[in-house]
file structure-v3.txt (compact mmCIF, C-alpha atoms and all ligand atoms)
# COMPACT_ATOMS: atom_id res chain seq x y z
CA MET A 44 37.48 86.92 85.88
CA ALA A 45 35.74 87.08 89.23
CA GLN A 46 32.03 87.81 89.31
CA ILE A 47 31.05 90.67 91.59
CA GLY A 48 27.67 90.66 93.32
CA THR A 49 25.65 90.36 96.49
CA ASP A 50 24.59 86.73 96.15
CA ILE A 51 25.21 85.06 99.51
CA ILE A 52 23.92 81.70 98.30
CA PHE A 53 26.44 81.65 95.46
CA ALA A 54 29.25 82.77 97.78
CA LYS A 55 28.32 79.92 100.12
CA LYS A 56 28.46 77.39 97.25
CA VAL A 57 31.93 78.55 96.17
CA LEU A 58 33.19 78.37 99.77
CA GLU A 59 31.68 74.91 100.26
CA ALA A 60 33.52 73.78 97.14
CA GLY A 61 36.77 74.70 98.93
CA LYS A 62 37.43 77.86 96.93
CA PRO A 63 38.15 81.35 98.24
CA VAL A 64 35.63 84.22 98.08
CA ALA A 65 36.36 87.90 98.76
CA ILE A 66 34.10 89.25 101.50
CA PRO A 67 33.32 92.77 102.73
CA THR A 68 33.89 93.77 106.33
CA GLU A 69 33.69 97.14 108.07
CA THR A 70 37.51 97.35 108.08
CA VAL A 71 38.81 96.07 104.73
CA TYR A 72 37.84 93.29 102.28
CA GLY A 73 38.99 89.81 103.21
CA LEU A 74 39.88 86.78 101.10
CA ALA A 75 37.91 84.04 102.84
CA ALA A 76 38.00 80.25 102.94
CA ASN A 77 36.72 77.48 105.19
CA ALA A 78 38.97 77.86 108.24
CA LEU A 79 38.67 74.16 109.10
CA ASP A 80 39.76 72.93 105.66
CA GLU A 81 43.54 73.12 105.19
CA LYS A 82 43.29 72.72 101.45
CA ALA A 83 40.89 75.64 101.10
CA VAL A 84 43.11 77.75 103.36
CA SER A 85 46.22 76.91 101.35
CA ARG A 86 44.52 78.38 98.26
CA VAL A 87 44.17 81.70 100.09
CA PHE A 88 47.93 81.73 100.74
CA GLU A 89 48.54 80.95 97.06
CA VAL A 90 46.21 83.63 95.67
CA LYS A 91 47.75 86.29 97.93
CA ASN A 92 51.28 85.07 97.49
CA ARG A 93 51.46 85.12 101.26
CA PRO A 94 54.29 83.37 103.12
CA SER A 95 53.05 80.51 105.29
CA PHE A 96 54.65 81.97 108.44
CA ASP A 97 51.98 84.69 108.52
CA PRO A 98 48.82 83.45 110.33
CA LEU A 99 45.22 84.22 109.30
CA ILE A 100 42.37 85.70 111.32
CA VAL A 101 39.31 83.48 111.77
CA HIS A 102 35.95 85.25 111.34
CA LEU A 103 32.80 84.30 113.24
CA SER A 104 29.29 85.74 113.37
CA ASN A 105 29.03 85.48 117.17
CA LYS A 106 30.64 83.92 120.24
CA GLY A 107 28.36 80.84 120.16
CA LYS A 108 30.96 78.32 119.02
CA LEU A 109 34.01 79.98 120.58
CA ASP A 110 34.76 76.99 122.79
CA GLU A 111 35.31 74.83 119.73
CA LEU A 112 38.12 77.09 118.53
CA CYS A 113 39.74 78.25 121.79
CA SER A 114 41.13 76.10 124.59
CA HIS A 115 40.69 78.93 127.10
CA VAL A 116 38.68 82.17 126.96
CA PRO A 117 39.97 84.90 129.31
CA ASP A 118 37.51 87.16 131.18
CA ASN A 119 38.71 90.24 129.34
CA PHE A 120 37.46 88.69 126.11
CA TYR A 121 33.86 88.91 127.34
CA ARG A 122 34.28 92.53 128.48
CA LEU A 123 35.66 93.59 125.12
CA TYR A 124 33.19 91.47 123.17
CA GLU A 125 30.21 93.06 124.92
CA ALA A 126 31.59 96.55 124.36
CA PHE A 127 32.81 96.35 120.76
CA CYS A 128 31.62 93.27 118.85
CA PRO A 129 30.74 92.93 116.12
CA GLY A 130 33.46 95.46 115.36
CA PRO A 131 37.06 96.14 114.31
CA LEU A 132 38.83 94.10 116.99
CA THR A 133 40.74 90.80 116.69
CA PHE A 134 41.41 88.65 119.75
CA ILE A 135 44.49 86.41 120.00
CA MET A 136 43.65 83.47 122.27
CA PRO A 137 44.93 79.93 122.91
CA LYS A 138 43.73 77.70 120.08
CA SER A 139 41.94 74.37 120.25
CA LYS A 140 43.03 71.27 118.33
CA LYS A 141 40.27 71.87 115.81
CA VAL A 142 42.02 74.89 114.26
CA PRO A 143 44.47 73.75 111.56
CA GLY A 144 48.11 74.66 112.08
CA LEU A 145 48.21 76.27 108.64
CA VAL A 146 45.69 78.90 109.78
CA THR A 147 47.79 79.89 112.80
CA ALA A 148 51.17 79.36 111.08
CA GLY A 149 52.03 76.81 113.74
CA ASN A 150 51.32 79.20 116.63
CA PRO A 151 49.54 77.85 119.73
CA THR A 152 47.15 80.82 119.46
CA VAL A 153 44.38 81.79 117.06
CA GLY A 154 43.18 85.24 115.98
CA LEU A 155 39.37 85.61 116.14
CA ARG A 156 37.21 88.42 114.93
CA PHE A 157 33.50 89.25 114.62
CA PRO A 158 33.18 91.55 111.60
CA ASP A 159 30.48 94.22 111.51
CA HIS A 160 29.02 93.89 108.03
CA ARG A 161 25.49 92.72 107.30
CA LEU A 162 26.30 90.67 104.15
CA THR A 163 29.22 88.87 105.76
CA LEU A 164 27.32 88.24 109.00
CA ASP A 165 24.50 86.70 106.95
CA LEU A 166 27.01 84.61 104.98
CA LEU A 167 28.70 83.40 108.18
CA GLY A 168 25.28 82.61 109.64
CA SER A 169 24.49 80.40 106.65
CA LEU A 170 27.73 78.38 106.86
CA ASP A 171 28.57 75.59 109.25
CA PHE A 172 32.25 76.57 109.38
CA PRO A 173 34.10 79.80 110.29
CA LEU A 174 36.02 81.78 107.65
CA ALA A 175 39.77 82.32 107.71
CA ALA A 176 40.43 85.58 105.92
CA PRO A 177 43.45 87.81 105.48
CA SER A 178 43.02 91.16 103.75
CA ALA A 179 42.26 90.58 100.04
CA ASN A 180 45.42 92.17 98.59
CA PRO A 181 48.63 90.70 97.22
CA PHE A 182 51.05 90.23 100.14
CA GLY A 183 52.70 93.48 101.20
CA TYR A 184 50.35 95.81 99.29
CA VAL A 185 47.69 98.19 100.65
CA SER A 186 44.46 96.50 101.85
CA PRO A 187 41.35 96.85 99.65
CA THR A 188 38.43 98.97 100.83
CA SER A 189 36.09 98.28 97.90
CA ALA A 190 35.08 95.33 95.72
CA GLN A 191 36.74 97.11 92.77
CA HIS A 192 40.08 97.23 94.60
CA VAL A 193 39.90 93.45 95.03
CA GLU A 194 38.87 92.94 91.42
CA LYS A 195 41.77 94.95 90.12
CA GLN A 196 44.44 92.86 91.82
CA LEU A 197 42.95 89.44 92.49
CA GLY A 198 40.04 89.33 90.05
CA GLY A 199 41.84 86.93 87.72
CA LYS A 200 42.50 84.42 90.48
CA ILE A 201 39.17 84.03 92.29
CA ASP A 202 35.58 83.16 91.34
CA TYR A 203 33.51 85.57 93.40
CA ILE A 204 33.68 88.93 95.17
CA LEU A 205 30.81 89.66 97.54
CA ASP A 206 30.23 93.38 97.08
CA GLY A 207 29.33 95.15 100.30
CA GLY A 208 30.19 98.66 99.12
CA PRO A 209 33.02 100.80 100.47
CA CYS A 210 34.36 99.80 103.89
CA LYS A 211 33.09 102.05 106.68
CA VAL A 212 36.21 101.97 108.86
CA GLY A 213 38.87 101.55 106.17
CA LEU A 214 41.73 100.38 108.44
CA GLU A 215 42.33 96.77 109.47
CA SER A 216 41.12 95.60 112.87
CA THR A 217 43.05 96.35 116.04
CA ILE A 218 44.69 93.15 117.30
CA ILE A 219 44.82 92.45 121.04
CA ASP A 220 46.75 89.53 122.46
CA LEU A 221 44.83 87.96 125.34
CA SER A 222 46.88 84.76 125.36
CA THR A 223 49.27 85.88 128.11
CA ASP A 224 48.70 87.56 131.49
CA SER A 225 49.72 90.97 130.20
CA MET A 226 47.32 92.19 127.53
CA ALA A 227 49.09 93.67 124.52
CA ILE A 228 48.09 95.45 121.36
CA LEU A 229 49.89 93.80 118.43
CA ARG A 230 48.42 96.03 115.73
CA LEU A 231 46.70 99.39 115.99
CA GLY A 232 43.65 99.58 113.78
CA GLY A 233 40.00 100.48 113.50
CA LEU A 234 39.31 100.45 117.25
CA SER A 235 41.35 103.04 119.17
CA LEU A 236 43.61 102.36 122.13
CA GLU A 237 41.54 104.83 124.16
CA GLU A 238 38.32 102.89 123.51
CA ILE A 239 39.94 99.60 124.53
CA GLU A 240 41.51 101.06 127.67
CA SER A 241 38.16 102.54 128.71
CA VAL A 242 36.92 98.97 129.13
CA VAL A 243 39.90 96.90 130.34
CA GLY A 244 42.32 99.51 131.68
CA LYS A 245 45.94 99.95 130.63
CA VAL A 246 47.22 97.70 127.84
CA HIS A 247 50.68 97.87 126.41
CA ARG A 248 51.70 98.25 122.81
CA VAL A 249 54.16 95.86 121.26
CA LYS A 250 56.60 97.71 119.07
CA THR A 251 57.13 95.62 115.96
CA SER A 252 60.17 95.61 113.76
CA THR A 253 61.12 93.82 110.58
CA SER A 254 63.64 91.64 112.36
CA ASN A 255 61.37 90.61 115.22
CA PRO A 256 57.70 90.98 114.43
CA LYS A 257 55.43 89.75 117.22
CA ALA A 258 52.48 89.43 114.85
CA PRO A 259 54.35 87.91 111.92
CA GLY A 260 52.44 89.99 109.38
CA MET A 261 53.54 93.22 111.00
CA LEU A 262 56.66 93.69 108.93
CA SER A 263 57.68 97.31 108.86
CA SER A 264 57.38 97.48 105.08
CA HIS A 265 53.74 96.35 104.93
CA TYR A 266 50.95 98.37 103.30
CA SER A 267 53.19 99.71 100.56
CA PRO A 268 51.69 101.22 97.45
CA GLY A 269 53.92 101.45 94.36
CA LYS A 270 54.85 105.10 94.90
CA LYS A 271 57.58 106.43 97.09
CA ILE A 272 55.85 107.73 100.22
CA VAL A 273 57.78 110.11 102.48
CA PHE A 274 56.25 110.44 105.93
CA GLY A 275 56.90 113.24 108.42
CA ASP A 276 57.22 117.01 108.53
CA MET A 277 55.70 118.41 105.36
CA GLU A 278 57.81 121.57 105.15
CA ASP A 279 61.13 119.79 105.81
CA ASN A 280 60.35 117.10 103.27
CA TYR A 281 59.16 119.63 100.73
CA ARG A 282 62.56 121.32 100.90
CA ILE A 283 64.33 117.99 100.38
CA PHE A 284 62.20 116.78 97.45
CA LYS A 285 61.22 119.99 95.63
CA GLY A 286 62.15 119.76 91.97
CA GLN A 287 60.47 116.34 91.72
CA LYS A 288 56.80 115.79 90.85
CA LEU A 289 55.19 115.90 94.28
CA GLY A 290 51.83 114.88 95.71
CA SER A 291 50.64 115.17 99.31
CA ILE A 292 48.48 113.36 101.82
CA THR A 293 47.28 115.59 104.65
CA PHE A 294 44.65 115.51 107.39
CA PHE A 295 42.64 118.71 106.74
CA ARG A 296 44.95 121.37 105.40
CA THR A 297 46.11 122.01 101.88
CA VAL A 298 49.77 122.51 100.91
CA ASN A 299 50.84 125.70 99.05
CA CYS A 300 53.26 124.82 96.19
CA ILE A 301 51.58 121.46 95.28
CA PRO A 302 48.84 121.52 92.60
CA ALA A 303 45.37 120.87 94.02
CA GLU A 304 44.86 117.78 91.83
CA HIS A 305 47.91 116.15 93.41
CA GLN A 306 46.71 116.64 96.95
CA TRP A 307 44.76 114.12 98.98
CA VAL A 308 43.12 115.93 101.90
CA LEU A 309 41.62 113.09 103.92
CA SER A 310 39.11 115.07 105.99
CA PRO A 311 38.65 118.78 105.35
CA GLY A 312 36.49 118.89 108.50
CA GLY A 313 39.25 117.37 110.66
CA ASP A 314 37.54 114.07 111.52
CA LEU A 315 39.99 111.20 112.13
CA ARG A 316 37.36 108.56 111.37
CA GLU A 317 36.68 110.05 107.98
CA ALA A 318 40.42 110.35 107.33
CA ALA A 319 40.95 106.68 108.26
CA SER A 320 38.21 105.55 105.90
CA LYS A 321 39.86 107.36 102.98
CA LEU A 322 43.51 106.55 103.62
CA PHE A 323 43.92 103.32 101.64
CA LYS A 324 41.85 104.57 98.71
CA SER A 325 44.13 107.61 98.51
CA LEU A 326 47.28 105.51 98.65
CA ARG A 327 45.93 103.43 95.76
CA GLU A 328 45.05 106.54 93.78
CA THR A 329 48.62 107.82 94.05
CA ASP A 330 49.65 104.70 92.13
CA ASP A 331 47.58 105.80 89.13
CA THR A 332 49.50 109.09 88.77
CA ASP A 333 52.88 109.95 87.29
CA LEU A 334 54.05 111.60 90.51
CA ASP A 335 57.56 110.84 91.79
CA VAL A 336 57.08 111.27 95.52
CA ILE A 337 54.09 111.56 97.87
CA LEU A 338 54.67 113.61 101.01
CA ALA A 339 52.45 112.43 103.87
CA GLU A 340 52.10 114.43 107.06
CA ARG A 341 51.97 113.05 110.57
CA PHE A 342 48.43 112.84 111.98
CA PRO A 343 47.51 113.65 115.60
CA ASP A 344 48.78 110.89 117.86
CA GLU A 345 45.36 110.06 119.33
CA GLY A 346 42.32 107.94 118.46
CA LEU A 347 42.51 106.55 114.94
CA GLY A 348 45.35 109.00 114.20
CA ARG A 349 47.77 106.51 115.79
CA ALA A 350 46.74 103.74 113.37
CA ILE A 351 46.88 106.15 110.41
CA ASN A 352 50.44 107.12 111.39
CA ASP A 353 51.35 103.46 111.77
CA ARG A 354 50.14 102.65 108.22
CA LEU A 355 51.81 105.70 106.70
CA MET A 356 55.07 104.83 108.39
CA ARG A 357 54.91 101.29 107.00
CA ALA A 358 53.90 102.56 103.56
CA SER A 359 57.00 104.74 103.60
CA ALA A 360 59.38 101.95 104.65
CA LYS A 361 60.74 100.49 101.45
O1 LIG A 401 40.44 93.93 109.65
C1 LIG A 401 41.07 92.88 109.55
O2 LIG A 401 41.66 92.34 110.50
C2 LIG A 401 41.09 92.24 108.15
C3 LIG A 401 39.69 91.77 107.80
C4 LIG A 401 39.63 91.03 106.50
O3 LIG A 401 39.18 91.02 108.86
N1 LIG A 401 42.03 91.16 108.12
C5 LIG A 401 43.37 91.35 108.12
O4 LIG A 401 44.08 90.18 107.97
O5 LIG A 401 43.90 92.44 108.21
P1 LIG A 401 45.63 90.13 107.65
O6 LIG A 401 45.91 88.70 107.48
O7 LIG A 401 45.93 91.02 106.53
O8 LIG A 401 46.30 90.60 108.97
C6 LIG A 401 46.17 89.79 110.09
C7 LIG A 401 47.27 89.98 111.06
C8 LIG A 401 48.62 89.53 110.54
O9 LIG A 401 49.57 90.52 110.85
C9 LIG A 401 48.88 88.27 111.36
O10 LIG A 401 50.23 88.07 111.58
C10 LIG A 401 48.12 88.54 112.65
O11 LIG A 401 46.96 89.19 112.21
N2 LIG A 401 47.72 87.30 113.31
C11 LIG A 401 46.79 86.42 112.93
N3 LIG A 401 46.76 85.37 113.77
C12 LIG A 401 47.69 85.61 114.71
C13 LIG A 401 48.17 84.89 115.85
N4 LIG A 401 47.68 83.70 116.20
N5 LIG A 401 49.16 85.45 116.59
C14 LIG A 401 49.69 86.65 116.26
N6 LIG A 401 49.28 87.37 115.18
C15 LIG A 401 48.31 86.85 114.43
MG MG A 402 46.87 92.23 105.37
call {"tool": "encode", "arguments": {"input": "structure-v3.txt", "output": "structure tokens"}}
result
Amino acid sequence: MAQIGTDIIFAKKVLEAGKPVAIPTETVYGLAANALDEKAVSRVFEVKNRPSFDPLIVHLSNKGKLDELCSHVPDNFYRLYEAFCPGPLTFIMPKSKKVPGLVTAGNPTVGLRFPDHRLTLDLLGSLDFPLAAPSANPFGYVSPTSAQHVEKQLGGKIDYILDGGPCKVGLESTIIDLSTDSMAILRLGGLSLEEIESVVGKVHRVKTSTSNPKAPGMLSSHYSPGKKIVFGDMEDNYRIFKGQKLGSITFFRTVNCIPAEHQWVLSPGGDLREAASKLFKSLRETDDTDLDVILAERFPDEGLGRAINDRLMRASAK
């Protein structure tokens, strides 16, 4: 079983031995390995059961050694970095030769991110290599937002989980592709479209589909818990599914007709940030019930509400 603790020196030793360690970030927990060591990285794919066509994000503590990993750094990187990093934003940029092909799944680009978590920043600062880290969940399942979530699913397969408490943001990073002339958002996440556009102007959103995902991990059936999730108009769906054991996920309201203990109200005060931070925990909790169907309502299509809707839609695509 994995040990859980806050020992950065031990985490460093495990990583230096070429083994994966789960690390906290402000978004979700990651399963980290030395990004420059193909063997260490291949263990991450194994533990997660992740297909090798799905590239990993490389985590750094600051932009100091960026030139070693990227062959070209566009101006918009610096604007966004100054405004939001460390923070929940991943940059796709042209890769250098130093980044192993396994990390980028053969792509000529690399995803880079500067996570905002004290323990992980200290760990990164103590290492002389960057960390490749996908979310620390089995492939296709909901991302973990606590050390206990990681323990439950991957605890038997890894040595150490660095426990940084519950994740503040609770949604994966927003991914922006800066590798072409037209900037594009490949994944909505913990940094809103509005915040990004306030710094670099209009960016477009790439619609992903199962048949043609631009970011290969953005399959439409990602983030699925075990339960059947039905996403959309609560009243319409209630009429369709009544008679079955129902639960609900809502923003701030409660639903008549569904027992209080089967309702997940993500932010009674109507705060999208709070709702985002609770979403994945709630989806996991639905798995520990005997409910048949979870009805999830559509959140406001603004700020983090867009990313919440994106995850709920994927969770409902089975
Ligand atoms: O918040 C996060 O981003 C978390 C924490 C641990 O940092 N990480 C995370 O990793 O969500 P993962 O592997 O679960 O999702 C990363 C996504 C995948 O959809 C992958 O396809 C995409 O990033 N990605 C990584 N490198 C890419 C590249 N070079 N080009 C296009 N997409 C890339
Ligand atoms: Mg993931």
call {"tool": "closest_atom_pairs", "arguments": {"input": "structure-v3.txt", "of": "chain A", "to": "ligand MG 402 (chain A)", "cutoff": "10 Å", "atoms": "only C-alpha atoms and all ligand atoms", "output": "Markdown table"}}
result
| residue | atom | partner | partner_atom | distance |
| --- | --- | --- | --- | --- |
| A:Val71 | CA | A:MG402 | MG | 9.0 |
| A:Tyr72 | CA | A:MG402 | MG | 9.6 |
| A:Gly73 | CA | A:MG402 | MG | 8.5 |
| A:Leu74 | CA | A:MG402 | MG | 9.8 |
| A:Lys91 | CA | A:MG402 | MG | 9.6 |
| A:Arg93 | CA | A:MG402 | MG | 9.4 |
| A:Asp97 | CA | A:MG402 | MG | 9.6 |
| A:Leu99 | CA | A:MG402 | MG | 9.1 |
| A:Ile100 | CA | A:MG402 | MG | 9.9 |
| A:Ala176 | CA | A:MG402 | MG | 9.3 |
| A:Pro177 | CA | A:MG402 | MG | 5.6 |
| A:Ser178 | CA | A:MG402 | MG | 4.3 |
| A:Ala179 | CA | A:MG402 | MG | 7.2 |
| A:Asn180 | CA | A:MG402 | MG | 6.9 |
| A:Pro181 | CA | A:MG402 | MG | 8.5 |
| A:Phe182 | CA | A:MG402 | MG | 7.0 |
| A:Gly183 | CA | A:MG402 | MG | 7.3 |
| A:Tyr184 | CA | A:MG402 | MG | 7.9 |
| A:Val185 | CA | A:MG402 | MG | 7.6 |
| A:Ser186 | CA | A:MG402 | MG | 6.0 |
| A:Pro187 | CA | A:MG402 | MG | 9.2 |
| A:Glu215 | CA | A:MG402 | MG | 7.6 |
| A:Gly260 | CA | A:MG402 | MG | 7.2 |
| A:Met261 | CA | A:MG402 | MG | 8.8 |
| A:His265 | CA | A:MG402 | MG | 8.0 |
| A:Tyr266 | CA | A:MG402 | MG | 7.7 |
call {"tool": "residues_around", "arguments": {"input": "structure-v3.txt", "residues": "Asp159 (chain A)", "least_positions_apart": "2", "cutoff": "8 Å", "atoms": "all atoms listed in the file", "output": "JSON, numbers by chain"}}
result
{"A": [68, 69, 128, 129, 130, 131, 157, 161, 163, 164]}
call {"tool": "atom_distance", "arguments": {"input": "structure-v3.txt", "atom1": "CA of His160 (chain A)", "atom2": "CA of Cys210 (chain A)"}}
result
9.0 Å
call {"tool": "atom_distance", "arguments": {"input": "structure-v3.txt", "atom1": "atom C4 of ligand LIG 401 (chain A)", "atom2": "CA of Val243 (chain A)"}}
result
24.6 Å
call {"tool": "closest_residue", "arguments": {"input": "structure-v3.txt", "among": "A:Leu205, A:Ile292, A:Val90, A:Leu174", "to": "Ser189 (chain A)", "atoms": "only C-alpha atoms"}}
result
A:Leu205
call {"tool": "atom_distance", "arguments": {"input": "structure-v3.txt", "atom1": "atom N2 of ligand LIG 401 (chain A)", "atom2": "CA of Leu229 (chain A)"}}
result
8.6 Å
call {"tool": "residues_around", "arguments": {"input": "structure-v3.txt", "residues": "Ser216 (chain A)", "least_positions_apart": "4", "cutoff": "8 Å", "atoms": "only C-alpha atoms", "output": "PyMOL selection string"}}
result
chain A and resi 70+131-133+230-234
call {"tool": "closest_residue", "arguments": {"input": "structure-v3.txt", "among": "A:Asn119, A:Asn280, A:Thr223, A:Thr217", "to": "ligand LIG 401 (chain A)", "atoms": "all atoms listed in the file"}}
result
A:Thr217
call {"tool": "residues_around", "arguments": {"input": "structure-v3.txt", "residues": "Gly313 (chain A)", "least_positions_apart": "3", "cutoff": "8 Å", "atoms": "all atoms listed in the file", "output": "list in words"}}
result
Phe294, Phe295, Ser310 and Ala318 of chain A
call {"tool": "residues_near_point", "arguments": {"input": "structure-v3.txt", "point": "(48.9, 95.5, 120.4)", "cutoff": "10 Å", "atoms": "all atoms listed in the file", "output": "PyMOL selection string"}}
result
chain A and resi 217-221+226-232+236+246-251+257-258
call {"tool": "closest_residue", "arguments": {"input": "structure-v3.txt", "among": "A:Gly198, A:Ser222, A:Asp110, A:Gly346", "to": "Pro137 (chain A)", "atoms": "only C-alpha atoms"}}
result
A:Ser222
call {"tool": "residues_near_point", "arguments": {"input": "structure-v3.txt", "point": "(48.1, 71.1, 102.3)", "cutoff": "12 Å", "atoms": "all atoms listed in the file", "output": "list of chain:residue names"}}
result
A:Asp80, A:Glu81, A:Lys82, A:Ala83, A:Val84, A:Ser85, A:Arg86, A:Val87, A:Phe88, A:Glu89, A:Ser95, A:Pro143, A:Gly144, A:Leu145, A:Val146
call {"tool": "residues_around", "arguments": {"input": "structure-v3.txt", "residues": "Leu58 (chain A)", "least_positions_apart": "3", "cutoff": "9 Å", "atoms": "only C-alpha atoms", "output": "mmCIF file with C-alpha atoms, in the coordinates of the input"}}
result
data_model
loop_
_atom_site.group_PDB
_atom_site.id
_atom_site.type_symbol
_atom_site.label_atom_id
_atom_site.label_comp_id
_atom_site.auth_asym_id
_atom_site.auth_seq_id
_atom_site.Cartn_x
_atom_site.Cartn_y
_atom_site.Cartn_z
ATOM 1 C CA PHE A 53 26.440 81.650 95.460
ATOM 2 C CA ALA A 54 29.250 82.770 97.780
ATOM 3 C CA LYS A 55 28.320 79.920 100.120
ATOM 4 C CA GLY A 61 36.770 74.700 98.930
ATOM 5 C CA LYS A 62 37.430 77.860 96.930
ATOM 6 C CA PRO A 63 38.150 81.350 98.240
ATOM 7 C CA VAL A 64 35.630 84.220 98.080
ATOM 8 C CA ALA A 75 37.910 84.040 102.840
ATOM 9 C CA ALA A 76 38.000 80.250 102.940
ATOM 10 C CA ASN A 77 36.720 77.480 105.190
ATOM 11 C CA ALA A 83 40.890 75.640 101.100
ATOM 12 C CA LEU A 170 27.730 78.380 106.860
#
call {"tool": "closest_residue", "arguments": {"input": "structure-v3.txt", "among": "A:Ile51, A:Met136, A:Val336, A:Val57", "to": "ligand LIG 401 (chain A)", "atoms": "all atoms listed in the file"}}
result
A:Met136
call {"tool": "closest_residue", "arguments": {"input": "structure-v3.txt", "among": "A:His102, A:Lys324, A:Lys288, A:Arg354", "to": "ligand LIG 401 (chain A)", "atoms": "all atoms listed in the file"}}
result
A:His102
call {"tool": "axis_aligned_box", "arguments": {"input": "structure-v3.txt", "around": "region 223-229 of chain A", "padding_each_side": "4 Å", "output": "lines of an AutoDock Vina configuration file"}}
result
center_x = 48.6
center_y = 90.7
center_z = 125.0
size_x = 10.6
size_y = 17.6
size_z = 21.1
